[in-house]
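Student: run_9.cif is reproduced in full below (mmCIF, C-alpha atoms).
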data_run
#
loop_
_atom_site.label_atom_id
_atom_site.label_comp_id
_atom_site.auth_asym_id
_atom_site.auth_seq_id
_atom_site.Cartn_x
_atom_site.Cartn_y
_atom_site.Cartn_z
CA MET A 22 0.00 0.00 0.00
CA LEU A 23 1.42 3.35 -1.05
CA GLU A 24 1.91 5.97 1.63
CA LYS A 25 0.25 9.31 1.02
CA GLU A 26 2.62 12.20 0.44
CA VAL A 27 2.67 14.52 3.42
CA ILE A 28 3.10 18.20 2.63
CA ASN A 29 4.32 20.39 5.47
CA PHE A 30 2.90 23.86 4.98
CA GLU A 31 4.48 26.81 6.76
CA LYS A 32 2.13 28.60 9.15
CA THR A 33 1.66 32.06 7.67
CA ALA A 34 -0.14 35.32 8.46
CA ILE A 35 -0.94 37.97 5.86
CA VAL A 36 -1.31 41.73 6.25
CA GLY A 37 -3.08 44.40 4.18
CA ILE A 38 -4.51 47.88 4.62
CA VAL A 39 -7.66 49.75 3.62
CA THR A 40 -6.78 53.17 2.17
CA GLN A 41 -8.45 55.97 0.25
CA ASN A 42 -7.54 54.17 -2.97
CA GLN A 43 -8.33 50.65 -1.77
CA SER A 44 -11.71 49.80 -0.24
CA GLU A 45 -12.30 47.01 2.27
CA GLU A 46 -13.98 44.90 -0.42
CA LYS A 47 -11.01 45.38 -2.74
CA LEU A 48 -8.59 44.53 0.07
CA ASN A 49 -10.44 41.26 0.72
CA GLU A 50 -10.10 40.38 -2.97
CA TYR A 51 -6.35 41.07 -2.84
CA LEU A 52 -5.95 39.07 0.37
CA ASP A 53 -7.82 36.15 -1.21
CA GLU A 54 -5.31 36.23 -4.04
CA LEU A 55 -2.40 36.64 -1.61
CA GLU A 56 -3.65 33.57 0.28
CA PHE A 57 -3.67 31.59 -2.97
CA LEU A 58 -0.15 32.83 -3.73
CA THR A 59 0.92 31.73 -0.25
CA PHE A 60 -0.61 28.28 -0.78
CA THR A 61 1.17 28.01 -4.14
CA ALA A 62 4.48 28.84 -2.42
CA GLY A 63 3.92 26.20 0.26
CA GLY A 64 2.32 28.19 3.09
CA GLN A 65 -0.94 27.92 4.99
CA VAL A 66 -2.60 31.18 6.01
CA VAL A 67 -3.93 30.95 9.57
CA LYS A 68 -4.65 34.64 10.16
CA ARG A 69 -5.40 37.84 8.24
CA PHE A 70 -4.62 41.29 9.60
CA SER A 71 -6.04 44.51 8.16
CA GLN A 72 -6.15 48.17 9.18
CA LYS A 73 -7.81 51.32 7.87
CA MET A 74 -5.28 54.05 7.15
CA GLU A 75 -5.03 57.08 4.89
CA ARG A 76 -1.74 55.77 3.53
CA PRO A 77 0.82 53.11 4.53
CA ASN A 78 2.96 53.96 7.54
CA PRO A 79 6.39 54.88 6.08
CA LYS A 80 8.16 53.13 9.00
CA THR A 81 6.22 49.90 9.58
CA PHE A 82 3.53 49.82 6.83
CA VAL A 83 0.80 49.48 9.51
CA GLY A 84 0.34 51.49 12.71
CA THR A 85 2.29 50.98 15.95
CA GLY A 86 -0.60 49.30 17.75
CA LYS A 87 -1.30 46.92 14.83
CA ILE A 88 2.35 45.90 14.49
CA GLU A 89 2.40 45.04 18.22
CA GLU A 90 -0.81 43.01 17.81
CA ILE A 91 0.76 41.13 14.90
CA HIS A 92 3.96 40.58 16.90
CA HIS A 93 2.00 39.10 19.81
CA PHE A 94 0.08 36.75 17.50
CA VAL A 95 3.28 35.60 15.77
CA LYS A 96 4.91 34.72 19.11
CA GLU A 97 1.83 33.01 20.55
CA ASN A 98 1.05 30.90 17.46
CA ASP A 99 4.52 29.96 16.19
CA ILE A 100 4.07 31.71 12.84
CA SER A 101 6.89 30.99 10.35
CA THR A 102 6.21 33.68 7.75
CA LEU A 103 4.52 37.08 7.68
CA VAL A 104 3.48 38.33 4.22
CA PHE A 105 2.46 41.92 3.40
CA ASP A 106 0.13 42.53 0.46
CA ASP A 107 2.11 45.44 -1.00
CA GLU A 108 5.80 45.83 -1.75
CA LEU A 109 7.66 47.01 1.34
CA SER A 110 10.37 49.62 1.07
CA PRO A 111 13.83 48.53 2.30
CA SER A 112 13.43 50.70 5.44
CA GLN A 113 9.95 49.29 6.19
CA GLN A 114 11.24 45.74 5.88
CA LYS A 115 14.22 46.55 8.11
CA ASN A 116 12.05 48.21 10.79
CA ILE A 117 9.49 45.40 10.82
CA SER A 118 12.26 42.78 11.07
CA LYS A 119 13.66 44.59 14.13
CA ILE A 120 10.27 44.38 15.89
CA ILE A 121 9.19 40.92 14.73
CA THR A 122 12.29 38.75 14.94
CA GLU A 123 10.53 35.39 15.30
CA CYS A 124 9.60 34.85 11.62
CA LYS A 125 10.46 35.72 8.03
CA ILE A 126 9.10 39.03 6.71
CA LEU A 127 8.04 38.94 3.06
CA ASP A 128 6.08 41.23 0.79
CA ARG A 129 3.94 40.40 -2.25
CA THR A 130 6.84 40.89 -4.67
CA HIS A 131 9.17 38.61 -2.68
CA LEU A 132 6.47 35.93 -2.53
CA ILE A 133 5.88 36.02 -6.30
CA LEU A 134 9.64 35.83 -6.91
CA ASP A 135 9.81 32.78 -4.61
CA ILE A 136 7.04 31.07 -6.59
CA PHE A 137 8.80 31.86 -9.85
CA ALA A 138 12.02 30.40 -8.44
CA GLN A 139 10.18 27.18 -7.50
CA ARG A 140 8.49 26.93 -10.90
CA ALA A 141 11.49 27.71 -13.13
CA GLU A 142 12.39 24.51 -14.98
CA THR A 143 14.70 25.58 -17.80
CA SER A 144 18.07 27.29 -17.54
CA TYR A 145 16.64 30.39 -19.22
CA ALA A 146 13.70 30.68 -16.81
CA ARG A 147 16.05 30.24 -13.83
CA THR A 148 18.32 32.98 -15.20
CA GLN A 149 15.36 35.34 -15.61
CA VAL A 150 14.14 34.69 -12.07
CA GLU A 151 17.62 35.07 -10.56
CA LEU A 152 18.01 38.44 -12.29
CA ALA A 153 14.67 39.61 -10.88
CA GLN A 154 15.69 38.41 -7.40
CA CYS A 155 19.04 40.22 -7.56
CA ILE A 156 17.40 43.48 -8.67
CA TYR A 157 14.91 43.14 -5.80
CA MET A 158 17.63 42.26 -3.27
CA LEU A 159 20.14 45.02 -4.08
CA PRO A 160 18.51 47.92 -2.17
CA ARG A 161 17.66 45.60 0.75
CA LEU A 162 21.18 44.38 1.54
CA SER A 163 21.73 46.80 4.43
CA GLY A 164 19.40 44.76 6.64
CA LEU A 165 21.81 41.82 6.45
CA TRP A 166 24.53 43.73 8.31
CA THR A 167 22.69 45.36 11.21
CA HIS A 168 24.82 43.36 13.66
CA LEU A 169 27.84 45.49 12.66
CA GLU A 170 26.19 48.92 12.82
CA ARG A 171 27.73 49.86 16.17
CA GLN A 172 31.25 49.29 14.88
CA LYS A 173 31.02 52.12 12.34
CA GLY A 174 33.66 54.81 12.70
CA GLY A 175 33.20 58.57 12.88
CA ILE A 176 33.38 61.23 10.16
CA GLY A 177 35.76 60.27 7.37
CA MET A 178 36.03 56.66 8.53
CA ARG A 179 34.43 53.45 7.29
CA GLY A 180 33.56 50.75 9.77
CA PRO A 181 33.55 47.03 8.90
CA GLY A 182 29.74 47.03 8.63
CA GLU A 183 29.74 49.49 5.76
CA THR A 184 32.64 47.65 4.13
CA GLU A 185 30.71 44.38 4.20
CA ILE A 186 27.63 46.08 2.70
CA GLU A 187 29.67 47.62 -0.09
CA THR A 188 31.31 44.27 -0.80
CA ASP A 189 27.94 42.56 -1.00
CA ARG A 190 26.52 45.29 -3.22
CA ARG A 191 29.45 44.97 -5.57
CA ILE A 192 28.98 41.19 -5.76
CA VAL A 193 25.26 41.57 -6.50
CA ARG A 194 25.86 44.32 -9.10
CA ASP A 195 28.46 42.12 -10.83
CA ARG A 196 26.00 39.23 -10.77
CA ILE A 197 23.25 41.42 -12.26
CA ALA A 198 25.59 42.53 -15.07
CA LEU A 199 26.56 38.90 -15.75
CA LEU A 200 22.92 37.73 -15.81
CA LYS A 201 21.91 40.60 -18.10
CA ASP A 202 24.67 39.66 -20.55
CA LYS A 203 23.58 36.02 -20.42
CA ILE A 204 19.93 36.94 -21.02
CA LYS A 205 20.93 39.30 -23.83
CA ALA A 206 22.72 36.43 -25.58
CA ILE A 207 19.73 34.10 -25.11
CA ASP A 208 17.34 36.85 -26.27
CA LYS A 209 19.36 37.19 -29.45
CA GLN A 210 19.25 33.42 -29.98
CA MET A 211 15.49 33.27 -29.32
CA GLY A 212 14.92 36.25 -31.61
CA THR A 213 16.72 34.32 -34.37
CA GLN A 214 14.52 31.29 -33.64
CA ARG A 215 11.40 33.42 -33.93
CA GLY A 216 12.69 34.82 -37.21
CA ASN A 217 13.28 31.31 -38.55
CA ARG A 218 9.74 30.16 -37.99
CA GLY A 219 8.82 30.96 -41.55
CA SER A 220 5.68 32.53 -42.89
CA MET A 221 3.21 31.06 -40.42
CA VAL A 222 0.90 33.36 -38.49
CA ARG A 223 1.71 33.64 -34.76
CA VAL A 224 -1.03 33.40 -32.16
CA ALA A 225 -0.33 33.98 -28.45
CA LEU A 226 -2.42 32.97 -25.45
CA VAL A 227 -2.47 35.74 -22.85
CA GLY A 228 -4.43 36.18 -19.64
CA TYR A 229 -4.40 36.29 -15.89
CA THR A 230 -2.62 33.48 -14.10
CA ASN A 231 -4.61 30.26 -13.55
CA VAL A 232 -7.33 31.00 -16.14
CA GLY A 233 -6.75 27.82 -18.16
CA LYS A 234 -4.30 28.94 -20.88
CA SER A 235 -2.20 25.77 -20.67
CA THR A 236 -5.31 23.57 -20.64
CA LEU A 237 -6.50 25.34 -23.78
CA MET A 238 -3.03 24.96 -25.32
CA ASN A 239 -3.14 21.22 -24.68
CA ALA A 240 -6.64 20.91 -26.15
CA VAL A 241 -5.89 22.90 -29.32
CA GLY A 242 -2.28 21.97 -29.95
CA LYS A 243 -2.41 18.38 -28.67
CA SER A 244 0.48 19.33 -26.39
CA ASP A 245 1.47 18.18 -22.92
CA VAL A 246 2.03 21.53 -21.22
CA PHE A 247 2.09 21.21 -17.41
CA VAL A 248 -1.28 22.06 -15.88
CA GLU A 249 -2.04 22.57 -12.18
CA ASN A 250 -4.61 24.51 -10.18
CA LYS A 251 -1.98 26.85 -8.78
CA LEU A 252 -0.74 30.28 -9.76
CA PHE A 253 2.11 30.50 -12.29
CA ALA A 254 2.09 26.78 -13.16
CA THR A 255 3.67 27.78 -16.50
CA LEU A 256 6.76 30.02 -16.71
CA ASP A 257 8.47 28.93 -19.90
CA THR A 258 6.88 29.90 -23.19
CA THR A 259 5.71 26.85 -25.14
CA VAL A 260 5.29 27.18 -28.90
CA ARG A 261 3.44 24.54 -30.94
CA LYS A 262 2.53 24.22 -34.59
CA VAL A 263 -1.25 23.85 -34.86
CA VAL A 264 -3.28 22.90 -37.92
CA ILE A 265 -6.99 23.76 -38.15
CA LYS A 266 -8.59 22.53 -41.39
CA ASN A 267 -5.96 23.28 -44.05
CA LEU A 268 -4.19 26.12 -42.24
CA PRO A 269 -1.09 25.78 -40.02
CA PHE A 270 -0.10 28.47 -37.51
CA LEU A 271 2.07 28.83 -34.40
CA LEU A 272 0.40 28.92 -30.99
CA SER A 273 2.36 30.07 -27.92
CA ASP A 274 1.45 29.73 -24.24
CA THR A 275 2.96 32.53 -22.15
CA VAL A 276 3.43 33.28 -18.46
CA GLY A 277 0.27 34.46 -16.70
CA PHE A 278 -0.16 38.06 -15.58
CA ILE A 279 -1.24 39.18 -12.12
CA ARG A 280 -2.27 42.35 -10.32
CA LYS A 281 0.65 44.31 -8.89
CA LEU A 282 3.03 42.39 -11.18
CA PRO A 283 6.57 43.15 -9.96
CA THR A 284 8.43 45.44 -12.34
CA GLN A 285 11.54 43.28 -11.89
CA LEU A 286 9.70 40.39 -13.54
CA VAL A 287 8.51 42.49 -16.46
CA ASP A 288 12.13 43.52 -17.10
CA SER A 289 13.72 40.09 -16.70
CA PHE A 290 11.01 38.23 -18.64
CA LYS A 291 11.43 40.51 -21.65
CA SER A 292 12.10 37.67 -24.10
CA THR A 293 9.13 35.68 -22.86
CA LEU A 294 6.92 38.73 -23.35
CA ASP A 295 8.42 39.23 -26.82
CA GLU A 296 6.27 36.27 -27.87
CA VAL A 297 3.29 38.48 -27.07
CA ARG A 298 4.78 41.60 -28.68
CA GLU A 299 5.54 39.78 -31.93
CA ALA A 300 2.27 37.83 -32.15
CA ASP A 301 -0.17 38.54 -34.99
CA LEU A 302 -3.24 37.63 -32.93
CA LEU A 303 -3.87 37.45 -29.18
CA LEU A 304 -6.29 35.05 -27.54
CA HIS A 305 -7.14 36.77 -24.25
CA VAL A 306 -8.27 33.91 -22.00
CA VAL A 307 -10.54 34.87 -19.08
CA ASP A 308 -11.74 32.69 -16.19
CA ILE A 309 -15.39 33.75 -16.21
CA SER A 310 -16.10 31.60 -13.14
CA HIS A 311 -13.86 33.87 -11.02
CA PRO A 312 -15.92 36.57 -9.26
CA GLU A 313 -13.31 39.24 -10.08
CA PHE A 314 -12.74 38.37 -13.72
CA GLU A 315 -13.44 41.97 -14.83
CA ASP A 316 -10.53 43.19 -12.68
CA HIS A 317 -8.37 40.44 -14.19
CA ILE A 318 -9.21 41.69 -17.69
CA ALA A 319 -8.24 45.23 -16.67
CA SER A 320 -4.92 44.00 -15.19
CA VAL A 321 -4.03 42.07 -18.35
CA ASN A 322 -4.94 45.03 -20.57
CA GLN A 323 -2.74 47.29 -18.44
CA THR A 324 0.18 44.87 -18.73
CA LEU A 325 -0.32 44.67 -22.51
CA LEU A 326 -0.22 48.47 -22.55
CA ASP A 327 2.98 48.47 -20.45
CA ILE A 328 4.76 46.11 -22.84
CA LYS A 329 3.39 47.99 -25.90
CA ALA A 330 1.29 45.07 -27.17
CA ASN A 331 -2.14 46.68 -26.82
CA ASP A 332 -2.61 47.42 -30.53
CA LYS A 333 -2.99 43.82 -31.73
CA PRO A 334 -6.21 42.07 -32.80
CA VAL A 335 -7.71 40.24 -29.84
CA ILE A 336 -10.27 37.49 -29.41
CA MET A 337 -11.74 37.37 -25.90
CA VAL A 338 -12.05 33.72 -24.83
CA PHE A 339 -14.26 33.39 -21.75
CA ASN A 340 -13.19 30.03 -20.35
CA LYS A 341 -14.54 27.73 -17.58
CA ILE A 342 -18.24 28.24 -18.41
CA ASP A 343 -18.79 24.76 -16.94
CA ALA A 344 -17.66 26.09 -13.54
CA TYR A 345 -19.62 29.37 -13.70
CA LYS A 346 -22.13 29.82 -10.88
CA HIS A 347 -24.17 32.92 -10.19
CA LEU A 348 -25.82 34.08 -6.99
CA THR A 349 -29.61 33.84 -6.83
CA ILE A 350 -32.27 36.00 -5.19
CA ASP A 351 -35.50 34.51 -3.84
CA GLU A 352 -38.67 35.86 -5.42
CA ASP A 353 -39.95 37.15 -2.08
CA ASP A 354 -36.61 38.82 -1.26
CA LEU A 355 -37.18 42.53 -1.84
CA MET A 356 -34.16 43.74 0.13
CA THR A 357 -31.26 42.16 -1.78
CA GLU A 358 -30.01 44.32 -4.61
CA LYS A 359 -29.03 42.58 -7.83
CA THR A 360 -25.31 42.83 -8.59
CA PRO A 361 -23.12 41.48 -11.42
CA ARG A 362 -22.55 38.38 -9.28
CA HIS A 363 -26.24 37.55 -9.82
CA TYR A 364 -25.93 37.67 -13.63
CA THR A 365 -26.44 34.52 -15.65
CA LEU A 366 -24.14 33.90 -18.61
CA GLU A 367 -26.84 35.15 -20.96
CA GLU A 368 -27.18 38.34 -18.93
CA TRP A 369 -23.41 38.84 -19.01
CA LYS A 370 -23.45 38.48 -22.80
CA ALA A 371 -25.93 41.36 -22.96
CA THR A 372 -23.67 43.72 -20.96
CA TRP A 373 -20.43 45.33 -22.19
CA MET A 374 -19.54 41.94 -23.68
CA SER A 375 -22.04 42.58 -26.47
CA ARG A 376 -19.95 45.59 -27.50
CA VAL A 377 -16.90 43.36 -27.89
CA GLY A 378 -18.69 41.94 -30.93
CA GLU A 379 -19.69 38.47 -31.99
CA GLN A 380 -16.42 38.03 -33.89
CA ASN A 381 -14.28 38.83 -30.85
CA ALA A 382 -15.94 37.02 -27.92
CA LEU A 383 -16.19 33.28 -27.29
CA PHE A 384 -17.59 31.29 -24.37
CA ILE A 385 -15.98 27.88 -23.93
CA SER A 386 -14.85 25.20 -21.50
CA ALA A 387 -11.33 23.99 -22.31
CA THR A 388 -11.60 20.97 -19.99
CA GLU A 389 -15.02 19.84 -21.23
CA LYS A 390 -14.39 21.07 -24.81
CA GLU A 391 -17.73 22.87 -24.73
CA ASN A 392 -18.30 25.17 -27.75
CA PHE A 393 -14.91 23.98 -28.96
CA GLU A 394 -15.84 23.68 -32.63
CA GLU A 395 -17.04 27.29 -32.60
CA PHE A 396 -13.73 28.28 -31.00
CA ARG A 397 -11.69 26.44 -33.65
CA GLU A 398 -13.77 27.94 -36.47
CA ARG A 399 -13.39 31.48 -35.10
CA VAL A 400 -9.62 31.12 -34.66
CA TYR A 401 -9.33 29.61 -38.13
CA GLU A 402 -11.17 32.52 -39.74
CA SER A 403 -9.08 35.12 -37.90
CA VAL A 404 -5.77 33.42 -38.73
CA ARG A 405 -6.90 32.92 -42.35
CA GLN A 406 -7.63 36.63 -42.76
CA ILE A 407 -4.18 37.55 -41.44
CA HIS A 408 -2.53 34.92 -43.64
CA ILE A 409 -4.16 35.93 -46.94
CA THR A 410 -3.57 39.61 -46.20
CA ARG A 411 0.13 39.06 -45.61
CA PHE A 412 0.68 36.32 -48.21
CA PRO A 413 -1.97 36.86 -50.91
CA TYR A 414 -0.30 34.47 -53.37
CA ASN A 415 0.91 31.91 -50.84
CA LYS A 416 -0.96 28.61 -50.76
CA PHE A 417 -1.56 26.98 -47.39
CA LEU A 418 0.87 24.26 -46.43
CA TYR A 419 -1.98 21.74 -46.41
CA PRO A 420 -3.81 22.46 -49.70
CA ASP A 421 -5.72 19.18 -49.69
CA TYR A 422 -8.46 20.11 -47.24
CA LYS A 423 -10.06 16.65 -47.17
CA ASP A 424 -6.78 14.89 -46.37
CA ALA A 425 -5.98 17.44 -43.68
CA VAL A 426 -9.34 16.94 -41.95
CA GLU A 427 -9.03 13.16 -42.13
CA LYS A 428 -5.50 13.33 -40.70
CA GLU A 429 -6.67 15.54 -37.83
CA ASP A 430 -9.63 13.24 -37.02
CA LYS A 431 -7.34 10.22 -37.07
CA ASP A 432 -4.89 11.89 -34.68
CA GLU A 433 -7.71 12.75 -32.28
CA GLU A 434 -8.97 9.15 -32.28
CA GLU A 435 -5.47 7.82 -31.55
CA ASN A 436 -5.04 10.30 -28.65
CA GLU A 437 -8.39 9.26 -27.17
#
Please re-express this file's structure in structure tokens.
Tutor:
Amino acid sequence: MLEKEVINFEKTAIVGIVTQNQSEEKLNEYLDELEFLTFTAGGQVVKRFSQKMERPNPKTFVGTGKIEEIHHFVKENDISTLVFDDELSPSQQKNISKIITECKILDRTHLILDIFAQRAETSYARTQVELAQCIYMLPRLSGLWTHLERQKGGIGMRGPGETEIETDRRIVRDRIALLKDKIKAIDKQMGTQRGNRGSMVRVALVGYTNVGKSTLMNAVGKSDVFVENKLFATLDTTVRKVVIKNLPFLLSDTVGFIRKLPTQLVDSFKSTLDEVREADLLLHVVDISHPEFEDHIASVNQTLLDIKANDKPVIMVFNKIDAYKHLTIDEDDLMTEKTPRHYTLEEWKATWMSRVGEQNALFISATEKENFEEFRERVYESVRQIHITRFPYNKFLYPDYKDAVEKEDKDEEENE
């Protein structure tokens, strides 16, 4: 009899604040996501802390009384890790670490970087993550040498503490320069690979993390991309040649986006995001079963704007319709106000989604392959239009339509 694998989760507490720009409802959404991030990284959230403030405390992020309350809870409950929902400044992290010495102090950026480090499989992905970690670490090195602060000399003198900090900074800066050179060389190589892919149209899957892009990639491209119900299951870009009817094209699965995406990751994952920049068509995959999917759409659109890829043709693919559930109101309930969470799928289609246009919005289930033929037909038509516009005299690589369809059906039967 096989023994069940035992996973030891670290006991974790998370912290966020309600401000003028972030309501309590919005904070709860962010903390839900932070809890999922923590679970993905190997932690178990046992307590949430929140506080209403005009703006974050520049010294300790939260107020003095709240930080003492958190400190007491950490000591009493043997908490291993404390995670803050926003990026802490180096001084905030240093001050909090002086007060709460019993556990690790992380912020949202550090947590995402840790997940990326766990998920990086290839040498290139590991190089990208290490670069992002070094850039994040550089301004925070001073906290590592607080034990030598009292040995500093007076005016015009350098104590051993400062010497150690400068040495460490120099090592990290040298490492950053080395990693940037390495990534530049790989970027050049990958750019050449992209240029050698011939005349085929490029289609890229984009979307929030954990919306089902890799599942869709597997279903369309008959691939074996890793799929898991965790955030950032896919880091490395996977490119597959796909044939629908008589038309071949390239389909790429890219890293998922997230709210408050660390700028270090955007910089270090430049080549991965180049797949999006150089794509001819974007399939924006949305998890419509997630209550905050509209915010996810806005976050992805903002990231596309940041990387200058917002001017490309887009098909909105609303995935996971099999998992969509809406809230209901009893007929005799006159007090409850109807909100978007009460909308059925048909009601959603009549909202702003109707303005997206019939040609640019699809509702599917990648796992159940629901409405999949419509999806394939829509993608085929869009890719075909791009292909004949760019190559008006170029025949498709599979001119015999009947043979191509029979070959595709045969492959599907063998896979089943």
Student: Using all atoms listed in the file, pick whichever of A:Leu109, A:Val36, A:Val222, A:Asp128 has the shortest atom-to-atom distance to Ile91 in chain A.
Tutor: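 Once distances to Ile91 in chain A are computed over all atoms listed in the file, the minimum belongs to A:Val36.
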Student: Carefully work through the PyMOL selection byres ((chain A and resi 340-357) around 12) for this structure and note down the residues it includes, as a ChimeraX atom specification.
Tutor: /A:228-229,231-237,304-312,314,337-339,358-369,382-393,396
Student: List, as an MDAnalysis selection string, every residue that the PyMOL selection byres ((chain A and resi 69) around 12) selects in the file provided.
Tutor: chainID A and resid 32:38 48:49 51:53 55:56 65:68 70:72 87 90:91 94:95 103:106
Student: Which residues fall under the PyMOL selection byres ((chain A and resi 116) around 12) in this file, as a list in words?
Tutor: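 Answer for the PyMOL selection byres ((chain A and resi 116) around 12): Asn78, Pro79, Lys80, Thr81, Phe82, Val83, Thr85, Ile88, Leu109, Ser110, Pro111, Ser112, Gln113, Gln114, Lys115, Ile117, Ser118, Lys119, Ile120, Ile121, Thr122, Ile126, Arg161, Ser163, Gly164 and Thr167 of chain A.
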Student: What's the separation between CA of Phe30 in chain A and CA of Gly64 in chain A, in Å to one decimal place?
Tutor: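 CA of Phe30 in chain A sits 4.8 Å away from CA of Gly64 in chain A.
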Student: Which polymer residues have any atom within 9 Å of an atom of Glu123 in chain A, counting only C-alpha atoms, with same-chain residues fewer than 4 positions away left out, as a list in words?
Tutor: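 Close residues of Glu123 in chain A: His92, Val95, Lys96, Asp99, Ile100, Ser101, Thr102 and Ser118 of chain A.
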Student: Using only C-alpha atoms, which of A:Trp373, A:Tyr145, A:Phe278, A:Phe412 sits nearest Thr324 in chain A?
Tutor: A:Phe278
Student: Pick out the closest residue to Arg261 in chain A from this set: A:Ile279, A:Glu398, A:Arg223, A:Asn42. Count all atoms listed in the file.
Tutor: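 Result for the nearest residue to Arg261 in chain A: A:Arg223.
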Student: Counting all atoms listed in the file, which residue out of A:Gln406, A:Ser320, A:Thr188, A:Thr59 sits closest to Leu134 in chain A?
Tutor: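 Closest to Leu134 in chain A, using all atoms listed in the file: A:Thr59.
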Student: Just how far from CA of Thr130 in chain A is CA of Ala62 in chain A, in Å to one decimal?
Tutor: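 Between these atoms lies a distance of 12.5 Å.
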Student: Please return, as a ChimeraX atom specification, all polymer residues that have at least one atom within 8 Å of the point (21.8, 33.3, -19.6); use all atoms listed in the file and the file's own coordinate frame.
Tutor: /A:144-145,148-149,200-207
Student: Nearest residue to Val241 in chain A out of A:Ile336, A:Ile265, A:Ala153, A:Val227, using only C-alpha atoms?
Tutor: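 Ranked by minimum distance to Val241 in chain A, first place goes to A:Ile265.
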Student: Could you check which residues have any atom within 8 Å of (-5.5, 56.7, -0.5), counting only C-alpha atoms with coordinates taken straight from the file, and then list them as a count of residues only?
Tutor: 6
